[in-house]
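Student: Can you read through this structure? Questions will come right after.
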Amino acid sequence: MPSAVLRKRKNARPAHSGSRVENAYAALKSAIRENIYPPGHFAAENEVANQLGMSRTPVHEAAIRLQEEGLVEVLPRRGILVRAISHRDIRETYELTIALESMAAEVLAARSSSPDVNRIIARLETETKAMESAIKKNDLDKWAAADDRFHEILTGECGNGRLSRMASTIRDQTHRARLLTLRLRPLPVKSAPEHRAIIEAIRKGDPAAAAKTAGAHRRRASEIMIPLLQKFSTPNA
């Protein structure tokens, strides 16, 4: 059983049950997002609980939360099954992502005169530079991590809390798809320049251009991801 992520949290023994649920949730979600628990992986709840040094109850409660987010299926009296990523799932996810990230970029551009936005732009630039550096070294894992952080900052710091929460939930699916297709797709050399176009539109205070560039960026990614996932999904997926 792949347990490296879970072992990191084994010694963190929270004082109350709510914290134990959060601990189990964070550990399981990290393992799923990073494909340590890949699609189709089965994990018995008691084994996960043993890895985390806690009872089965908080693990089960954490699994229920992950099921509501579409990441797992809880099998009664058996355990947790990590859900596959179908091309249909990812198409719906990208449709939402395009809408949310377009709006996030638009909101940030409308606030471009705020010192807060200057700080956000600096963070977006840092992650874009990290992507460029990773591509030069052919380090796709570091590229994917920096790319994920860019999109997390874009939506998480836009100033709309509801948008941020929605984007956070669906970003888990796009990140999983990104990692699954990372070595099947062409080298992602276009992503960093597209990120720079988004940043520039935000910096100039052009909401329409920011929304357009952010939407086009995610739309292009979906046109790569969906056909790749379609090759590996079942006919009914």
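Going through the structure tokens in order, the chains are called A, B, and so on, while each chain numbers its residues from 1 and the ligands are numbered from 1 in the order shown.
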Which parts of region 29-194 of chain A does DSSP call strand (DSSP E or B) when run on the backbone here, written out as a list in words?
Tutor: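 Here are the strand (DSSP E or B) residues of region 29-194 of chain A: Phe42, Ala43, Val72, Glu73, Val74, Leu75, Gly79, Ile80, Leu81 and Val82 of chain A.
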Student: Can you work out which one of A:Glu194, A:Glu73, A:Glu106, A:Glu223 has the shortest atom-to-atom distance to Phe42 (chain A), counting only C-alpha atoms?
Tutor: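 Of A:Glu194, A:Glu73, A:Glu106, A:Glu223, the one nearest Phe42 (chain A), counting only C-alpha atoms, is A:Glu73.
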Student: Give the helix (DSSP H, G or I) residues of region 121-235 of chain A, as assigned by DSSP on the backbone, as a PyMOL selection string.
Tutor: chain A and resi 121-136+140-156+161-181+191-203+207-232
Student: Could you make a table, as a Markdown table, of the residues of region 104-175 of chain A that have an atom within 8 Å of an atom of region 18-40 of chain A, each with its nearest atom pair and distance in Å to one decimal, counting only C-alpha atoms, in chain and number order?
Tutor:
```
| residue | atom | partner | partner_atom | distance |
| --- | --- | --- | --- | --- |
| A:Asp172 | CA | A:Arg33 | CA | 6.1 |
| A:Gln173 | CA | A:Arg33 | CA | 7.7 |
| A:His175 | CA | A:Arg33 | CA | 6.6 |
```
Student: How would the residues just chosen look if you wrote them out with N, CA and C atoms as a PDB file, in the first residue's frame?
Tutor:
```
ATOM      1  N   ASP A 172      -8.799  19.908  -7.937  1.00  0.00           N
ATOM      2  CA  ASP A 172      -8.263  18.593  -7.611  1.00  0.00           C
ATOM      3  C   ASP A 172      -8.363  17.653  -8.816  1.00  0.00           C
ATOM      4  N   GLN A 173      -9.488  17.746  -9.533  1.00  0.00           N
ATOM      5  CA  GLN A 173      -9.677  16.874 -10.690  1.00  0.00           C
ATOM      6  C   GLN A 173      -8.756  17.260 -11.846  1.00  0.00           C
ATOM      7  N   HIS A 175      -5.901  18.707 -11.602  1.00  0.00           N
ATOM      8  CA  HIS A 175      -4.527  18.366 -11.237  1.00  0.00           C
ATOM      9  C   HIS A 175      -4.270  16.877 -11.422  1.00  0.00           C
TER      10      HIS A 175
END
```
Student: Fewer than 2 positions away in the same chain doesn't count, so skip those; otherwise give me all residues within 10 Å of Met225 (chain A), counting only C-alpha atoms, as a list of chain:residue names.
Tutor: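 In the requested form, the answer reads A:His87, A:Ile90, A:Arg91, A:Tyr94, A:Thr174, A:Ala177, A:Arg178, A:Leu180, A:Thr181, A:Leu182, A:Leu184, A:Arg185, A:Arg219, A:Arg220, A:Ala221, A:Ser222, A:Glu223, A:Pro227, A:Leu228, A:Leu229, A:Gln230.
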Student: Determine, for each residue of region 29-113 of chain A having at least one atom at most 7 Å from an atom of region 139-162 of chain A, the closest pair of atoms and their separation in Å to one decimal, counting only C-alpha atoms; order by chain and ascending number, as JSON lines.
Tutor:
```
{"residue": "A:Glu101", "atom": "CA", "partner": "A:Thr155", "partner_atom": "CA", "distance": 6.3}
{"residue": "A:Ala104", "atom": "CA", "partner": "A:Cys158", "partner_atom": "CA", "distance": 5.4}
{"residue": "A:Ala105", "atom": "CA", "partner": "A:Leu154", "partner_atom": "CA", "distance": 6.8}
{"residue": "A:Val107", "atom": "CA", "partner": "A:Cys158", "partner_atom": "CA", "distance": 6.4}
{"residue": "A:Leu108", "atom": "CA", "partner": "A:Cys158", "partner_atom": "CA", "distance": 5.5}
```
Student: Measuring atom to atom with only C-alpha atoms, identify which of A:Ser164, A:Ser86, A:Thr128, A:Thr169 is nearest to Arg196 (chain A).
Tutor: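 Among the listed residues, A:Thr128 lies closest to Arg196 (chain A).
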Student: Pick the closest to Ser102 (chain A) from A:Leu163, A:Ile170, A:Val74, A:Ile226: which is it, counting only C-alpha atoms?
Tutor: A:Leu163
Student: Find, counting only C-alpha atoms, the residue in A:Ala122, A:Ala167, A:Leu187, A:Ile224 that gets nearest to Ala134 (chain A).
Tutor: A:Leu187
